[in-house]
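Colleague: Please read through the structure below; I'll follow up with questions.
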Amino acid sequence: MTDSELKTLKDNLWHAADVLRAGAHLAANKYGQPILGLIFLRYADILYKQHKAEIEAEYNKSKGTRAEKSIKDISIKYCGFYLPPEAYYTTINDAPDDANKATLVKKAMEAIERENEKMDGVLPKEVYGQLVPEEEPELLSNIMRIFMDIPENISVDLFGEIYEFFLGEFALQEGKDGGTFYTPATVVRYMVEVLQPENGEKKILDPACGSGGMFVQAARFMHRHNKASDEVMKFRCYGVEKEPDTVKLAKMNLLLNNVRGEIVEANSFYSDPHNAVGNFDYVMANPPFNVDEVVYDKVKDDPRFNIYGVPKNKSKTTKKGSDKKETVPNANYLWISYFASSLNATGKAALVMANSASDAGGSELEIRKKMIEEGIISQMVTLPSNMFSSVTLPATLWFFDKQKTKDEQKKDKILFIDARSIFTQVDRAHRKFSDEQIKNLGIITRLYNGDTQAFKDLIAEYTAALKAAPQASEDKEVKTKAYWQAQIDWLTERFPDGTYTDVIGLCKAASIEGEDGIHDQDYSLNAGRYVGVVIEDDGMTEAEFKAKMLGLNNELETLSKEAATLEKQIADNLKELFGE
């Protein structure tokens, strides 16, 4: 399936949400649940059919022998779950277009949960009764038929991409509330591009996992880089999420993307279900910012938080209406400490954090200083604004690398990247990274780490695309020769020798000590303090610039006088027409 065909399919499927929104008796923020449930049901039906011949062949081969296995056990081996006959999507779709179809969908969901312990309580069931209103009892049938357009030879990765697409669209529709469960896929892809997760028996933690997007993109990265499927299956994901409905979204997301792992419903501040300290190869998260209700006494002795120090108010303060217990000033540095302390000796982490944390003072400054001097912070990236549905201000990506603490050449250095001007506008209020912007930003890290071959490979990739691209196209989805040449130029103008170098306005490898070093900047981790800004040369002398500015000022004064005259004339005309 080409990118264009996939986009068309996604747009057509999204029509199902519009149909539901118009006809169902559901609150505006509730129609996502049944849609995502139907996507899962269609996925389960297709995946089972794709493996049905193998499942039946293995069953018949072992039948009557000492090694005999049930259809259910073999199905779990191939699909990750067992799909009972009453849950076949096509069978339900072919049933009469009446209110009974909601009952059939409910029974299908119940059967899947009954036969698959890890799905217990995950799938939506009761909501489908609201999709057969008296005035339009065929509504559910119409929606189900739309999902029959998903081809039965579709790959797992593409099906997972469809689910992620819907999660993203629902997040945009819900605005701030949607941001609590969804981190934009392109931001996560960039985080993964920097982390470069390795295959094998690795463990990844997300203690604020939302709908599980971090796990999905990490697994998808390994698929894209040709990791053997059996090796990818050794990769285990461990999530914590406190919202019950979001836990369900995450569990479905992992199943749809063939990602193995465990999602636990809990509050990460007060519960440690995965025994986190020193236990993980990777940590990725986009935690809630500026949480200010965490009770100090409940976290002060927890090694997840106190290895680098627990944030503390200068004087004991309480919020109005609280139980009068001292709280942490805000939880940003609890999260930051949590992620750092969860890494094993070779672990790496990537997290989204509020910009304000980069310069926070007081006890938070002392925590940041300790981390910087230990050498665990490897990279800081300032993101563009409007990348998230929940916040409009820029956020910052923090990257940790425990191996860096043992590297004498890089221990006292941090790579800063200012990506605020690198984005693709989605609509008036939202931005994203394009595929090439992710690769271009990611290559900065690769060059900094000495991987010059990755730079050569990327230039070769763009050059091949340039040769194959059309000179022009009326289809905005088609990338022309000018587009690919611009990508090549962006890279070669900034890194002409194919090696890392500081680029004003983009990236800077800053040391702790030395002129304009991190120490001199009061241990700030704000990329703008180090990267600097590009001053464009307009070719004018100082005298010419002064003359131009004075001329513009004179023009402004003239326009202001004309505006005042017109304003008086309008007022006089109104008085003449209507009197005082």
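Scheme for the structure tokens: letters A, B, ... for chains in order shown; per-chain residue numbers from 1; ligand numbers from 1 in order shown.
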Need to verify the contact set: Pro34 in chain A, 12 Å, only C-alpha atoms, exclusion of same-chain residues closer than 4 positions in sequence. Can you return it as number ranges by chain?
Modeller: A: 16-17, 20-21, 24, 26, 29-30, 38-41, 102, 105-106, 109, 123-131, 140, 143-144, 166, 249
Colleague: Excluding Asn275 in chain A and any residue of its chain fewer than 2 positions from it, enumerate the residues within 12 Å of it, using only C-alpha atoms, and give them as a PyMOL selection string.
Modeller: chain A and resi 205+207+238-240+268+271-273+277-280+302-304+338+341-343
Colleague: Write the selection just made, keeping N, CA and C atoms, as a PDB file, in the first residue's frame?
Modeller:
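Resulting contents of result09.pdb:
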```pdb
ATOM      1  N   LEU A 205      10.355   1.448  30.015  1.00  0.00           N
ATOM      2  CA  LEU A 205       9.382   1.925  30.998  1.00  0.00           C
ATOM      3  C   LEU A 205       8.780   3.248  30.547  1.00  0.00           C
ATOM      4  N   PRO A 207       6.185   5.527  32.824  1.00  0.00           N
ATOM      5  CA  PRO A 207       5.346   5.610  34.030  1.00  0.00           C
ATOM      6  C   PRO A 207       4.171   6.569  33.906  1.00  0.00           C
ATOM      7  N   TYR A 238       6.727  -1.786  29.749  1.00  0.00           N
ATOM      8  CA  TYR A 238       6.101  -1.722  31.069  1.00  0.00           C
ATOM      9  C   TYR A 238       5.549  -0.308  31.276  1.00  0.00           C
ATOM     10  N   GLY A 239       4.230  -0.218  31.362  1.00  0.00           N
ATOM     11  CA  GLY A 239       3.598   1.090  31.484  1.00  0.00           C
ATOM     12  C   GLY A 239       2.812   1.242  32.766  1.00  0.00           C
ATOM     13  N   VAL A 240       2.648   2.501  33.183  1.00  0.00           N
ATOM     14  CA  VAL A 240       1.795   2.848  34.320  1.00  0.00           C
ATOM     15  C   VAL A 240       0.896   3.994  33.865  1.00  0.00           C
ATOM     16  N   SER A 268       1.736   6.815  39.582  1.00  0.00           N
ATOM     17  CA  SER A 268       3.186   6.597  39.620  1.00  0.00           C
ATOM     18  C   SER A 268       3.874   7.299  40.783  1.00  0.00           C
ATOM     19  N   SER A 271       3.047   4.661  43.695  1.00  0.00           N
ATOM     20  CA  SER A 271       3.090   3.221  43.423  1.00  0.00           C
ATOM     21  C   SER A 271       4.217   2.913  42.440  1.00  0.00           C
ATOM     22  N   ASP A 272       4.900   1.802  42.683  1.00  0.00           N
ATOM     23  CA  ASP A 272       6.026   1.389  41.837  1.00  0.00           C
ATOM     24  C   ASP A 272       5.828  -0.070  41.405  1.00  0.00           C
ATOM     25  N   PRO A 273       4.831  -0.341  40.547  1.00  0.00           N
ATOM     26  CA  PRO A 273       4.483  -1.724  40.215  1.00  0.00           C
ATOM     27  C   PRO A 273       5.555  -2.476  39.439  1.00  0.00           C
ATOM     28  N   VAL A 277      13.719   1.217  39.981  1.00  0.00           N
ATOM     29  CA  VAL A 277      15.077   1.733  40.202  1.00  0.00           C
ATOM     30  C   VAL A 277      16.147   0.820  39.591  1.00  0.00           C
ATOM     31  N   GLY A 278      16.921   1.372  38.649  1.00  0.00           N
ATOM     32  CA  GLY A 278      18.036   0.658  38.026  1.00  0.00           C
ATOM     33  C   GLY A 278      17.638  -0.544  37.193  1.00  0.00           C
ATOM     34  N   ASN A 279      16.386  -0.580  36.748  1.00  0.00           N
ATOM     35  CA  ASN A 279      15.845  -1.813  36.168  1.00  0.00           C
ATOM     36  C   ASN A 279      15.595  -1.759  34.666  1.00  0.00           C
ATOM     37  N   PHE A 280      15.783  -0.584  34.022  1.00  0.00           N
ATOM     38  CA  PHE A 280      15.329  -0.462  32.641  1.00  0.00           C
ATOM     39  C   PHE A 280      16.427  -0.013  31.676  1.00  0.00           C
ATOM     40  N   ASP A 302      11.478   7.672  48.929  1.00  0.00           N
ATOM     41  CA  ASP A 302      11.388   6.754  47.784  1.00  0.00           C
ATOM     42  C   ASP A 302      12.634   6.926  46.915  1.00  0.00           C
ATOM     43  N   PRO A 303      13.433   5.856  46.702  1.00  0.00           N
ATOM     44  CA  PRO A 303      14.662   5.983  45.908  1.00  0.00           C
ATOM     45  C   PRO A 303      14.417   6.371  44.457  1.00  0.00           C
ATOM     46  N   ARG A 304      13.207   6.214  43.951  1.00  0.00           N
ATOM     47  CA  ARG A 304      12.919   6.679  42.592  1.00  0.00           C
ATOM     48  C   ARG A 304      13.077   8.191  42.502  1.00  0.00           C
ATOM     49  N   TYR A 338      12.834  10.448  38.611  1.00  0.00           N
ATOM     50  CA  TYR A 338      12.283   9.105  38.423  1.00  0.00           C
ATOM     51  C   TYR A 338      12.869   8.454  37.177  1.00  0.00           C
ATOM     52  N   SER A 341      16.674   7.685  37.637  1.00  0.00           N
ATOM     53  CA  SER A 341      16.970   6.616  38.593  1.00  0.00           C
ATOM     54  C   SER A 341      16.507   5.246  38.104  1.00  0.00           C
ATOM     55  N   SER A 342      15.628   5.203  37.105  1.00  0.00           N
ATOM     56  CA  SER A 342      15.104   3.936  36.598  1.00  0.00           C
ATOM     57  C   SER A 342      16.043   3.245  35.618  1.00  0.00           C
ATOM     58  N   LEU A 343      17.085   3.945  35.160  1.00  0.00           N
ATOM     59  CA  LEU A 343      17.971   3.389  34.132  1.00  0.00           C
ATOM     60  C   LEU A 343      18.993   2.431  34.737  1.00  0.00           C
TER      61      LEU A 343
END
```
Colleague: Counting only C-alpha atoms, which residue out of A:Ala53, A:Val192, A:Val295, A:Ile46 sits closest to Pro151 in chain A?
Modeller: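 Comparing A:Ala53, A:Val192, A:Val295, A:Ile46 against Pro151 in chain A, the winner is A:Ile46.
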Colleague: Using only C-alpha atoms, what table do you get, as JSON lines, when you list each residue of range 232-321 of chain A with an atom no more than 12 Å from range 74-81 of chain A, its nearest pair of atoms, and their distance in Å rounded to one decimal, rows by chain then rising number?
Modeller:
```
{"residue": "A:Met233", "atom": "CA", "partner": "A:Gly80", "partner_atom": "CA", "distance": 10.8}
{"residue": "A:Met252", "atom": "CA", "partner": "A:Phe81", "partner_atom": "CA", "distance": 11.6}
{"residue": "A:Leu254", "atom": "CA", "partner": "A:Gly80", "partner_atom": "CA", "distance": 10.4}
{"residue": "A:Leu255", "atom": "CA", "partner": "A:Gly80", "partner_atom": "CA", "distance": 7.4}
{"residue": "A:Leu256", "atom": "CA", "partner": "A:Gly80", "partner_atom": "CA", "distance": 9.6}
{"residue": "A:Asn257", "atom": "CA", "partner": "A:Gly80", "partner_atom": "CA", "distance": 10.5}
{"residue": "A:Asn258", "atom": "CA", "partner": "A:Gly80", "partner_atom": "CA", "distance": 7.3}
{"residue": "A:Val259", "atom": "CA", "partner": "A:Gly80", "partner_atom": "CA", "distance": 9.2}
{"residue": "A:Arg260", "atom": "CA", "partner": "A:Gly80", "partner_atom": "CA", "distance": 8.7}
{"residue": "A:Gly261", "atom": "CA", "partner": "A:Gly80", "partner_atom": "CA", "distance": 11.4}
```
Colleague: Once you have the residues from the selection above, write them out as a CSV table (one decimal), in the first residue's frame, restricted to N, CA, C and O atoms.
Modeller:
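To be explicit, this is the file written out as part-v2.csv:
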```csv
chain,number,residue,atom,x,y,z
A,233,MET,N,10.2,-9.4,19.4
A,233,MET,CA,9.3,-10.0,20.4
A,233,MET,C,9.9,-10.1,21.8
A,233,MET,O,9.2,-10.3,22.7
A,252,MET,N,-5.2,-2.0,24.1
A,252,MET,CA,-5.6,-2.2,22.7
A,252,MET,C,-4.5,-1.8,21.7
A,252,MET,O,-4.2,-2.5,20.8
A,254,LEU,N,-1.2,-1.7,22.2
A,254,LEU,CA,-0.2,-2.7,22.2
A,254,LEU,C,-0.5,-3.9,21.4
A,254,LEU,O,0.3,-4.4,20.6
A,255,LEU,N,-1.8,-4.4,21.6
A,255,LEU,CA,-2.2,-5.6,20.9
A,255,LEU,C,-2.3,-5.3,19.4
A,255,LEU,O,-1.8,-6.2,18.6
A,256,LEU,N,-2.8,-4.2,19.0
A,256,LEU,CA,-2.9,-3.9,17.5
A,256,LEU,C,-1.5,-3.7,16.9
A,256,LEU,O,-1.4,-3.9,15.7
A,257,ASN,N,-0.5,-3.4,17.6
A,257,ASN,CA,0.8,-3.2,17.1
A,257,ASN,C,1.7,-4.4,17.4
A,257,ASN,O,2.9,-4.3,17.1
A,258,ASN,N,1.2,-5.4,17.9
A,258,ASN,CA,2.0,-6.7,18.2
A,258,ASN,C,3.1,-6.4,19.1
A,258,ASN,O,4.3,-6.8,18.9
A,259,VAL,N,2.9,-5.5,20.1
A,259,VAL,CA,3.9,-5.2,21.1
A,259,VAL,C,3.6,-5.9,22.4
A,259,VAL,O,2.5,-5.9,22.9
A,260,ARG,N,4.6,-6.6,22.9
A,260,ARG,CA,4.4,-7.3,24.2
A,260,ARG,C,4.7,-6.5,25.4
A,260,ARG,O,5.8,-5.8,25.4
A,261,GLY,N,3.9,-6.5,26.4
A,261,GLY,CA,4.2,-5.8,27.6
A,261,GLY,C,3.1,-5.8,28.6
A,261,GLY,O,2.1,-6.6,28.4
```
Colleague: Can you list, as a VMD selection string, all residues belonging to range 101-221 of chain A that DSSP tags as helix (DSSP H, G or I)?
Modeller: chain A and resid 101 to 115 117 to 119 126 to 131 139 to 147 156 to 174 178 to 180 185 to 195 213 to 221
Colleague: Extract the full set of strand (DSSP E) residues from range 275-331 of chain A according to DSSP on the backbone, and format it as a PyMOL selection string.
Modeller: chain A and resi 280-285
Colleague: Show me a table, sorted first by chain and then by increasing residue number, of the residues of range 312-402 of chain A having an atom at most 10 Å from range 500-509 of chain A, each with its shortest atom pair and the distance in Å to one decimal, counting only C-alpha atoms and written as a tab-separated table.
Modeller:
```
residue	atom	partner	partner_atom	distance
A:Ser378	CA	A:Ala509	CA	9.9
A:Gln379	CA	A:Ala509	CA	8.9
A:Met380	CA	A:Cys507	CA	9.8
A:Val381	CA	A:Cys507	CA	9.1
```
Colleague: Given only C-alpha atoms as the basis, pick out the residue of A:Gln487, A:Asn344, A:Asn199, A:Thr65 nearest to Glu461 in chain A.
Modeller: A:Gln487
